[in-house]
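Heads up, start_24.txt below (compact mmCIF, C-alpha atoms and all ligand atoms):
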```
# COMPACT_ATOMS: atom_id res chain seq x y z
CA MET A 1 -50.88 -53.23 14.77
CA TYR A 2 -52.22 -51.62 11.64
CA PHE A 3 -52.88 -53.20 8.24
CA HIS A 4 -53.38 -50.81 5.35
CA ILE A 5 -55.59 -52.22 2.60
CA PRO A 6 -55.06 -49.60 -0.10
CA PHE A 7 -57.74 -50.62 -2.58
CA CYS A 8 -60.87 -48.63 -3.50
CA LYS A 9 -63.45 -49.31 -6.18
CA ARG A 10 -63.99 -45.62 -6.65
CA ILE A 11 -61.98 -42.60 -5.55
CA CYS A 12 -63.79 -40.13 -3.28
CA ALA A 13 -63.57 -36.47 -4.27
CA TYR A 14 -61.83 -35.40 -1.04
CA CYS A 15 -59.43 -38.30 -0.57
CA ASP A 16 -55.66 -38.01 -0.60
CA PHE A 17 -54.96 -41.24 1.29
CA HIS A 18 -52.63 -43.85 -0.14
CA ARG A 19 -55.07 -45.82 -2.30
CA CYS A 20 -55.28 -47.65 -5.58
CA ALA A 21 -58.22 -48.39 -7.88
CA ASP A 22 -56.55 -51.29 -9.74
CA LEU A 23 -58.19 -54.22 -7.95
CA ARG A 24 -56.21 -56.74 -10.02
CA LEU A 25 -53.27 -56.01 -7.71
CA ILE A 26 -55.11 -57.27 -4.60
CA PRO A 27 -53.69 -60.85 -4.55
CA SER A 28 -50.05 -59.80 -5.05
CA ALA A 29 -50.37 -56.94 -2.53
CA ILE A 30 -51.81 -59.28 0.11
CA GLU A 31 -48.93 -61.72 -0.30
CA ALA A 32 -46.44 -58.82 -0.12
CA MET A 33 -48.08 -57.68 3.13
CA HIS A 34 -47.62 -61.15 4.62
CA ARG A 35 -43.96 -61.03 3.60
CA GLU A 36 -43.62 -57.57 5.15
CA LEU A 37 -45.21 -58.81 8.38
CA ASP A 38 -42.68 -61.66 8.59
CA ALA A 39 -39.81 -59.27 7.94
CA SER A 40 -41.08 -56.83 10.62
CA LYS A 41 -41.33 -59.23 13.52
CA ASP A 42 -38.44 -57.54 15.38
CA PHE A 43 -39.35 -53.90 14.71
CA LEU A 44 -41.28 -53.33 17.94
CA HIS A 45 -39.58 -53.56 21.33
CA ASP A 46 -42.76 -54.88 22.85
CA LYS A 47 -44.13 -58.09 21.38
CA GLN A 48 -47.45 -57.75 23.16
CA ILE A 49 -50.12 -56.42 20.80
CA ALA A 50 -53.15 -54.67 22.30
CA THR A 51 -55.20 -53.72 19.25
CA ILE A 52 -55.38 -54.53 15.54
CA TYR A 53 -56.82 -52.17 12.96
CA PHE A 54 -57.60 -52.71 9.28
CA GLY A 55 -57.72 -49.34 7.52
CA GLY A 56 -57.49 -48.13 4.01
CA GLY A 57 -58.46 -47.85 1.36
CA THR A 58 -61.28 -50.29 1.80
CA PRO A 59 -60.62 -53.39 3.91
CA SER A 60 -64.14 -54.63 3.11
CA LEU A 61 -62.97 -55.25 -0.47
CA LEU A 62 -61.13 -58.26 0.97
CA ASP A 63 -62.87 -61.48 1.79
CA PRO A 64 -63.13 -61.69 5.62
CA VAL A 65 -61.11 -64.90 5.35
CA GLU A 66 -58.16 -62.79 4.17
CA LEU A 67 -58.57 -60.36 7.06
CA GLN A 68 -58.55 -63.28 9.50
CA ARG A 69 -55.44 -64.67 7.79
CA PHE A 70 -53.61 -61.46 8.77
CA ILE A 71 -54.87 -61.75 12.36
CA ASP A 72 -53.71 -65.37 12.57
CA HIS A 73 -50.36 -64.54 11.02
CA ALA A 74 -49.84 -61.72 13.54
CA GLY A 75 -50.68 -64.21 16.30
CA ARG A 76 -47.87 -66.50 15.19
CA LEU A 77 -45.26 -63.72 15.33
CA PHE A 78 -46.45 -61.64 18.28
CA ASP A 79 -48.24 -62.14 21.57
CA THR A 80 -51.84 -61.32 20.63
CA SER A 81 -53.39 -63.10 23.61
CA ALA A 82 -54.38 -59.75 25.19
CA VAL A 83 -55.79 -58.14 22.03
CA CYS A 84 -58.98 -56.43 23.11
CA GLU A 85 -60.06 -54.58 19.98
CA ILE A 86 -59.89 -55.57 16.31
CA THR A 87 -61.38 -52.94 14.03
CA ALA A 88 -62.04 -53.07 10.30
CA GLU A 89 -63.06 -50.10 8.21
CA MET A 90 -65.92 -50.97 5.89
CA ASN A 91 -67.79 -49.35 3.07
CA PRO A 92 -71.59 -49.50 3.55
CA ASP A 93 -72.32 -51.09 0.17
CA ASP A 94 -69.96 -54.01 0.90
CA ILE A 95 -72.01 -55.01 3.95
CA THR A 96 -74.20 -57.70 2.37
CA ALA A 97 -75.79 -60.53 4.35
CA GLU A 98 -73.25 -62.93 2.85
CA TYR A 99 -70.34 -60.66 3.80
CA ILE A 100 -71.57 -60.33 7.37
CA SER A 101 -71.97 -64.06 7.81
CA LYS A 102 -68.31 -64.51 6.81
CA LEU A 103 -67.29 -61.58 8.98
CA ARG A 104 -68.87 -63.25 12.00
CA GLN A 105 -66.37 -66.12 11.57
CA THR A 106 -63.47 -63.70 12.17
CA ASP A 107 -62.11 -62.14 15.38
CA ILE A 108 -63.05 -58.62 14.22
CA ASN A 109 -65.14 -57.06 17.00
CA ARG A 110 -65.35 -53.38 15.99
CA ILE A 111 -66.62 -52.01 12.70
CA SER A 112 -65.77 -48.58 11.37
CA LEU A 113 -68.29 -47.60 8.76
CA GLY A 114 -67.55 -44.88 6.20
CA VAL A 115 -70.97 -43.23 6.24
CA GLN A 116 -69.84 -39.58 5.73
CA SER A 117 -73.43 -38.34 5.24
CA PHE A 118 -76.97 -39.62 4.77
CA ASP A 119 -77.69 -36.90 2.22
CA ASP A 120 -77.59 -38.42 -1.27
CA GLY A 121 -76.66 -35.07 -2.85
CA ALA A 122 -73.65 -34.69 -0.55
CA LEU A 123 -72.68 -38.33 -1.13
CA ARG A 124 -72.82 -37.86 -4.91
CA LEU A 125 -70.74 -34.69 -4.68
CA MET A 126 -68.15 -36.59 -2.64
CA ASN A 127 -68.26 -39.44 -5.19
CA ARG A 128 -69.15 -41.97 -2.51
CA ARG A 129 -70.44 -45.27 -3.87
CA HIS A 130 -73.39 -45.70 -1.50
CA THR A 131 -76.61 -43.87 -0.69
CA GLY A 132 -77.76 -42.64 2.71
CA ALA A 133 -80.32 -45.44 2.91
CA GLU A 134 -77.66 -48.06 2.18
CA ALA A 135 -75.46 -46.65 4.96
CA ALA A 136 -78.35 -46.85 7.46
CA ASP A 137 -79.16 -50.41 6.30
CA ALA A 138 -75.53 -51.43 6.75
CA VAL A 139 -75.58 -50.26 10.38
CA LYS A 140 -78.81 -52.16 11.04
CA ARG A 141 -77.53 -55.34 9.40
CA LEU A 142 -74.36 -55.25 11.48
CA GLN A 143 -76.39 -54.69 14.65
CA ASP A 144 -78.78 -57.53 13.77
CA ALA A 145 -75.77 -59.78 13.32
CA GLY A 146 -74.62 -58.94 16.86
CA TYR A 147 -72.05 -56.17 16.41
CA THR A 148 -72.23 -53.89 19.44
CA ASN A 149 -69.20 -51.72 18.83
CA ILE A 150 -69.77 -49.70 15.68
CA THR A 151 -68.20 -46.40 14.79
CA ALA A 152 -69.27 -44.24 11.86
CA ASP A 153 -67.52 -41.40 10.04
CA LEU A 154 -69.22 -38.11 9.24
CA ILE A 155 -67.90 -35.24 7.14
CA PHE A 156 -68.96 -31.66 7.79
CA GLY A 157 -68.05 -28.24 6.37
CA ILE A 158 -69.12 -28.97 2.78
CA GLU A 159 -69.82 -26.05 0.47
CA GLY A 160 -73.42 -26.06 -0.77
CA PHE A 161 -74.65 -28.08 2.21
CA GLY A 162 -75.61 -25.91 5.12
CA ILE A 163 -76.19 -26.64 8.74
CA GLU A 164 -79.58 -28.31 8.08
CA ARG A 165 -77.83 -31.11 6.22
CA LEU A 166 -75.56 -31.73 9.20
CA GLU A 167 -78.50 -31.54 11.59
CA GLY A 168 -80.23 -34.24 9.57
CA ASP A 169 -77.09 -36.39 9.54
CA ILE A 170 -76.59 -36.14 13.29
CA GLU A 171 -80.23 -36.96 13.97
CA ARG A 172 -80.11 -40.00 11.69
CA MET A 173 -76.82 -41.16 13.16
CA LEU A 174 -78.14 -40.91 16.71
CA SER A 175 -81.31 -42.78 15.80
CA LEU A 176 -79.19 -45.68 14.52
CA GLY A 177 -77.55 -46.22 17.91
CA VAL A 178 -73.86 -46.40 17.01
CA GLN A 179 -71.38 -46.31 19.89
CA HIS A 180 -68.75 -44.01 18.40
CA ILE A 181 -68.69 -41.20 15.83
CA SER A 182 -65.70 -39.64 14.08
CA ALA A 183 -66.59 -36.27 12.55
CA TYR A 184 -64.09 -34.64 10.22
CA HIS A 185 -64.15 -31.18 8.72
CA LEU A 186 -63.72 -31.40 4.95
CA THR A 187 -60.26 -30.29 3.86
CA ILE A 188 -59.59 -29.55 0.21
CA GLU A 189 -56.29 -31.18 -0.75
CA PRO A 190 -54.69 -30.10 -4.05
CA SER A 191 -54.26 -33.65 -5.40
CA THR A 192 -57.97 -34.52 -5.10
CA ARG A 193 -61.00 -33.95 -7.32
CA PHE A 194 -62.15 -31.24 -4.93
CA GLY A 195 -58.69 -29.69 -5.15
CA ARG A 196 -58.90 -29.56 -8.94
CA MET A 197 -62.43 -28.15 -8.76
CA ALA A 198 -61.22 -25.49 -6.33
CA GLU A 199 -58.41 -24.55 -8.69
CA ARG A 200 -60.99 -23.95 -11.41
CA GLY A 201 -63.11 -21.91 -8.99
CA GLU A 202 -65.91 -24.52 -9.00
CA PHE A 203 -65.64 -25.48 -5.33
CA HIS A 204 -64.60 -23.62 -2.19
CA ALA A 205 -63.85 -24.09 1.46
CA VAL A 206 -66.77 -23.04 3.64
CA ALA A 207 -66.65 -19.75 5.53
CA GLU A 208 -65.12 -19.85 8.99
CA GLU A 209 -68.50 -19.03 10.57
CA GLN A 210 -70.05 -22.13 8.99
CA SER A 211 -67.17 -24.30 10.24
CA GLU A 212 -67.61 -22.95 13.75
CA GLU A 213 -71.38 -23.30 13.69
CA GLU A 214 -71.24 -26.89 12.46
CA PHE A 215 -68.50 -27.85 14.91
CA ALA A 216 -70.54 -26.38 17.77
CA LEU A 217 -73.66 -28.20 16.56
CA LEU A 218 -71.81 -31.53 16.52
CA HIS A 219 -70.33 -30.94 19.95
CA ASN A 220 -73.63 -29.87 21.51
CA GLN A 221 -75.89 -32.49 19.93
CA LEU A 222 -73.56 -35.40 20.50
CA THR A 223 -72.61 -34.52 24.06
CA GLU A 224 -76.29 -33.97 24.88
CA ALA A 225 -76.93 -37.46 23.55
CA GLY A 226 -74.38 -38.86 26.02
CA PHE A 227 -71.29 -38.98 23.81
CA GLU A 228 -67.99 -37.86 25.25
CA HIS A 229 -66.05 -35.51 22.95
CA TYR A 230 -62.70 -37.06 23.82
CA GLU A 231 -60.52 -35.97 20.90
CA VAL A 232 -60.82 -33.21 18.28
CA SER A 233 -62.71 -35.43 15.83
CA ASN A 234 -63.93 -38.25 18.04
CA TYR A 235 -67.01 -38.86 20.16
CA ALA A 236 -67.73 -42.00 22.15
CA LEU A 237 -70.39 -43.37 24.43
CA PRO A 238 -68.94 -44.29 27.86
CA GLY A 239 -66.58 -47.25 27.47
CA TYR A 240 -66.38 -47.01 23.67
CA ARG A 241 -63.37 -44.80 23.02
CA SER A 242 -61.20 -46.18 20.22
CA ARG A 243 -58.41 -47.97 22.02
CA HIS A 244 -56.39 -48.28 18.84
CA ASN A 245 -56.44 -44.58 17.97
CA SER A 246 -55.96 -43.62 21.61
CA SER A 247 -52.68 -45.55 21.51
CA TYR A 248 -51.38 -43.31 18.73
CA TRP A 249 -52.25 -40.25 20.79
CA LEU A 250 -50.52 -41.73 23.83
CA GLY A 251 -47.26 -42.36 21.99
CA VAL A 252 -47.48 -46.18 22.14
CA GLU A 253 -45.33 -48.14 19.66
CA TYR A 254 -47.11 -49.42 16.58
CA LEU A 255 -46.39 -51.55 13.56
CA GLY A 256 -48.04 -50.67 10.25
CA ILE A 257 -48.10 -53.16 7.39
CA GLY A 258 -48.94 -52.34 3.77
CA PRO A 259 -48.29 -49.56 1.27
CA GLY A 260 -49.16 -46.29 3.00
CA ALA A 261 -48.74 -47.64 6.53
CA HIS A 262 -46.51 -45.99 9.14
CA SER A 263 -44.67 -47.65 12.02
CA PHE A 264 -43.10 -46.27 15.17
CA ASN A 265 -40.98 -48.06 17.77
CA GLY A 266 -40.26 -45.20 20.15
CA GLU A 267 -37.13 -44.08 18.29
CA VAL A 268 -37.67 -44.57 14.59
CA ARG A 269 -40.66 -43.77 12.45
CA ARG A 270 -40.77 -45.57 9.11
CA TRP A 271 -43.27 -45.65 6.30
CA CYS A 272 -43.70 -47.00 2.83
CA GLU A 273 -45.38 -44.71 0.29
CA GLN A 274 -44.66 -46.78 -2.80
CA PRO A 275 -47.29 -47.31 -5.49
CA VAL A 276 -49.00 -50.65 -4.86
CA ALA A 277 -47.50 -52.40 -7.91
CA GLU A 278 -43.97 -51.51 -6.73
CA TYR A 279 -44.75 -52.50 -3.16
CA ALA A 280 -45.97 -55.89 -4.35
CA GLU A 281 -42.51 -56.47 -5.89
CA GLN A 282 -40.46 -55.19 -2.98
CA CYS A 283 -41.30 -53.06 0.02
CA ARG A 284 -39.01 -50.05 0.51
CA TYR A 285 -39.17 -47.78 3.55
CA GLU A 286 -38.37 -44.20 4.21
CA GLN A 287 -37.56 -43.49 7.82
CA GLU A 288 -36.65 -40.82 10.30
CA GLN A 289 -34.96 -40.86 13.66
CA LEU A 290 -36.94 -38.71 16.05
CA SER A 291 -35.00 -35.92 17.78
CA ASP A 292 -35.78 -34.68 21.26
CA THR A 293 -37.67 -31.74 19.72
CA ASP A 294 -39.71 -34.12 17.53
CA HIS A 295 -40.69 -36.15 20.59
CA TYR A 296 -41.65 -32.99 22.45
CA ASN A 297 -43.73 -31.57 19.60
CA GLU A 298 -45.42 -34.88 19.07
CA MET A 299 -46.39 -35.07 22.70
CA ILE A 300 -47.77 -31.51 22.57
CA MET A 301 -49.77 -32.31 19.45
CA THR A 302 -51.23 -35.61 20.54
CA SER A 303 -51.96 -34.47 24.10
CA LEU A 304 -53.67 -31.21 23.19
CA ARG A 305 -55.92 -32.98 20.70
CA ARG A 306 -57.27 -35.08 23.56
CA VAL A 307 -59.64 -33.89 26.24
CA GLU A 308 -57.08 -34.84 28.95
CA GLY A 309 -54.56 -32.28 27.66
CA VAL A 310 -50.88 -31.99 28.59
CA ASP A 311 -49.70 -32.98 32.02
CA LEU A 312 -46.98 -30.51 33.05
CA ALA A 313 -45.46 -33.00 35.50
CA GLU A 314 -45.03 -35.47 32.64
CA VAL A 315 -43.42 -32.77 30.49
CA ALA A 316 -41.00 -31.98 33.34
CA ASN A 317 -40.26 -35.66 33.80
CA ARG A 318 -39.56 -36.35 30.12
CA PHE A 319 -38.11 -33.05 28.93
CA GLY A 320 -36.95 -31.18 32.03
CA THR A 321 -38.44 -28.62 34.40
CA GLU A 322 -37.27 -25.68 32.32
CA ARG A 323 -39.26 -26.84 29.33
CA ALA A 324 -42.36 -27.45 31.42
CA VAL A 325 -42.14 -23.94 32.88
CA ARG A 326 -41.69 -22.44 29.42
CA LEU A 327 -44.69 -24.36 28.10
CA GLU A 328 -46.85 -23.13 30.94
CA GLN A 329 -45.81 -19.53 30.27
CA GLU A 330 -46.37 -19.83 26.52
CA SER A 331 -49.81 -21.31 26.94
CA ARG A 332 -50.94 -18.41 29.16
CA GLN A 333 -51.43 -16.27 26.02
CA PHE A 334 -54.37 -18.57 25.10
CA GLU A 335 -55.79 -18.83 28.59
CA GLY A 336 -59.43 -17.91 28.87
CA PHE A 337 -60.44 -18.35 25.26
CA ALA A 338 -58.75 -21.49 23.92
CA VAL A 339 -56.81 -23.01 26.79
CA VAL A 340 -57.55 -23.95 30.39
CA LEU A 341 -54.69 -24.23 32.90
CA LYS A 342 -55.79 -26.19 35.93
CA ASP A 343 -54.44 -28.86 38.29
CA GLY A 344 -51.06 -28.95 36.55
CA LYS A 345 -52.63 -29.58 33.15
CA ILE A 346 -53.04 -27.58 29.97
CA ARG A 347 -56.23 -28.44 28.14
CA ILE A 348 -58.18 -27.21 25.18
CA PRO A 349 -61.86 -27.58 26.11
CA PRO A 350 -63.63 -29.83 23.56
CA GLU A 351 -65.93 -27.05 22.35
CA LYS A 352 -62.84 -25.00 21.39
CA MET A 353 -61.00 -27.79 19.66
CA LEU A 354 -61.67 -26.40 16.20
CA VAL A 355 -58.83 -23.94 16.89
CA SER A 356 -56.55 -26.58 18.38
CA ASP A 357 -54.23 -26.71 15.35
CA ALA A 358 -53.33 -23.02 15.67
CA VAL A 359 -52.71 -23.32 19.43
CA ILE A 360 -50.67 -26.50 19.04
CA GLU A 361 -48.50 -24.95 16.34
CA ALA A 362 -47.83 -21.90 18.48
CA LEU A 363 -46.65 -24.14 21.33
CA PHE A 364 -44.28 -26.23 19.22
CA ASP A 365 -40.55 -26.03 19.83
CA VAL A 366 -38.42 -25.08 16.85
CA GLU A 367 -35.27 -27.11 16.17
CA CYS A 368 -32.20 -24.86 16.40
S1 LIG B 1 -62.09 -41.98 1.33
FE1 LIG B 1 -61.73 -44.14 1.71
S2 LIG B 1 -63.04 -45.20 0.20
FE2 LIG B 1 -62.84 -43.08 -0.51
S3 LIG B 1 -61.09 -43.13 -1.92
FE3 LIG B 1 -60.31 -42.57 0.08
S4 LIG B 1 -59.62 -44.47 1.01
FE4 LIG B 1 -60.99 -44.98 -0.72
```
So that I can check it, write out the structure of this file as structure tokens.
Ligand code: SF4
Amino acid sequence: MYFHIPFCKRICAYCDFHRCADLRLIPSAIEAMHRELDASKDFLHDKQIATIYFGGGTPSLLDPVELQRFIDHAGRLFDTSAVCEITAEMNPDDITAEYISKLRQTDINRISLGVQSFDDGALRLMNRRHTGAEAADAVKRLQDAGYTNITADLIFGIEGFGIERLEGDIERMLSLGVQHISAYHLTIEPSTRFGRMAERGEFHAVAEEQSEEEFALLHNQLTEAGFEHYEVSNYALPGYRSRHNSSYWLGVEYLGIGPGAHSFNGEVRRWCEQPVAEYAEQCRYEQEQLSDTDHYNEMIMTSLRRVEGVDLAEVANRFGTERAVRLEQESRQFEGFAVVLKDGKIRIPPEKMLVSDAVIEALFDVEC
């Protein structure tokens, strides 16, 4: 189950998520989310919830009491007795001693911290509202309060900040002792501040060589430090993979609540992209029925992004032997440099995952 808290005090220069800087809408949006949750109680086939995730936006703009209210409400509508992981994304400068003491009263047991970098110049460029020192302090405060499952986000591939900056970030991150790291290459989306700067020629994507070098640095340093590179952008110490995100990659059903959240029940995918003020009045969904080709392409995409890869027996089982044979043949063109075919599986080795998008796209089926 996913709750999207779309509010942000300040908009980051790279962000094109569904978010809103008008914090006056928080109370009405929260109540609308509770109404949406009630109305969605029959969307999933399976009433047993395994994980809960608060994303955004900035969930830490809500009082922890409000986050717990969502957890309790979910528990009244669904079977949450087996929930093993409840994650909340947090902004480092929200992590005050007072906030943590309230957070400890909730069932949240995994914190996802939006660090992005420890370099104050890079943070300013990205319009983040915290410094590197504040991000490090936030991790320490959470650890002192007893949190033992912390993940932090890093961004790499930023023009003007070379490999030394990333080296420094990785070193600092490792010294803090987090259990999980998500590292994303910066993408310049047209609707963002970076997008507008790029249009004026004031900002650019980094050269391919820098992307490759930084990706390799991340992979090498983090795996040497004992992290498993288990998905394109995700690294975990043993036992600390994100169960919630792994469910998306495994095609498990999910219910998303809030403006900007997506839901999937095995047949239908629905989402609500309304502006927050409209959502607070009445939630309206767009939806699509997934075709056989959609299911196939989705499985290819999610499987090849994971270190486990695609199991050809599973493809044959779900989509027929002919399709499995065709997939095996098609993937041979990448064998040796981007793809490994072994033991009935097609895998992209983690160190090659930077090119996974191109490989995945080439293996997609096209709807006739
Ligand atoms: S990156 Fe996160 S904190 Fe920044 S604007 Fe986007 S949703 Fe808000």
Discussion item. Hey, which residues sit close to ligand LIG 1 (chain B)? Say within 8 Å, counting all atoms listed in the file, and write them as number ranges by chain.
Written reply: A: 6-20, 56-58, 91, 114, 128
Item to complete: Please provide as a PyMOL selection string all residues within 7 Å of region 352-364 of chain A, with the sequence filter that same-chain residues fewer than 6 positions apart are discarded (counting only C-alpha atoms).
Response: chain A and resi 232+297+300-301+304-305+330+338
Discussion item. Could you check which residues have any atom within 10 Å of (-60.0, -54.2, 14.1), counting only C-alpha atoms with coordinates taken straight from the file, and then list them as JSON, numbers by chain?
Written reply: {"A": [1, 2, 3, 51, 52, 53, 54, 55, 67, 71, 83, 84, 85, 86, 87, 88, 89, 107, 108, 109, 110, 111, 112, 244]}
Worksheet item: What is the distance between CA of Glu66 (chain A) and CA of Ile49 (chain A), in Å to one decimal?
Response: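 These atoms are spaced 19.5 Å apart.
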Mind working out the centre and edge lengths of an axis-aligned box for region 186-197 of chain A, all listed atoms inside, 4 Å added to each side, rounded to one decimal in Å and written as lines of an AutoDock Vina configuration file?
```
center_x = -59.0
center_y = -31.3
center_z = -2.0
size_x = 17.5
size_y = 14.4
size_z = 21.9
```
Worksheet entry | Two-atom distance - CA of Thr131 (chain A), CA of Asp93 (chain A) (Å) | 8.4 Å
Item to complete: Considering all atoms listed in the file, state which residue in the set A:Glu351, A:Glu134, A:Glu214, A:Glu286 is at the smallest distance from Leu113 (chain A).
Response: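 Of all the options, A:Glu134 lies closest to Leu113 (chain A).
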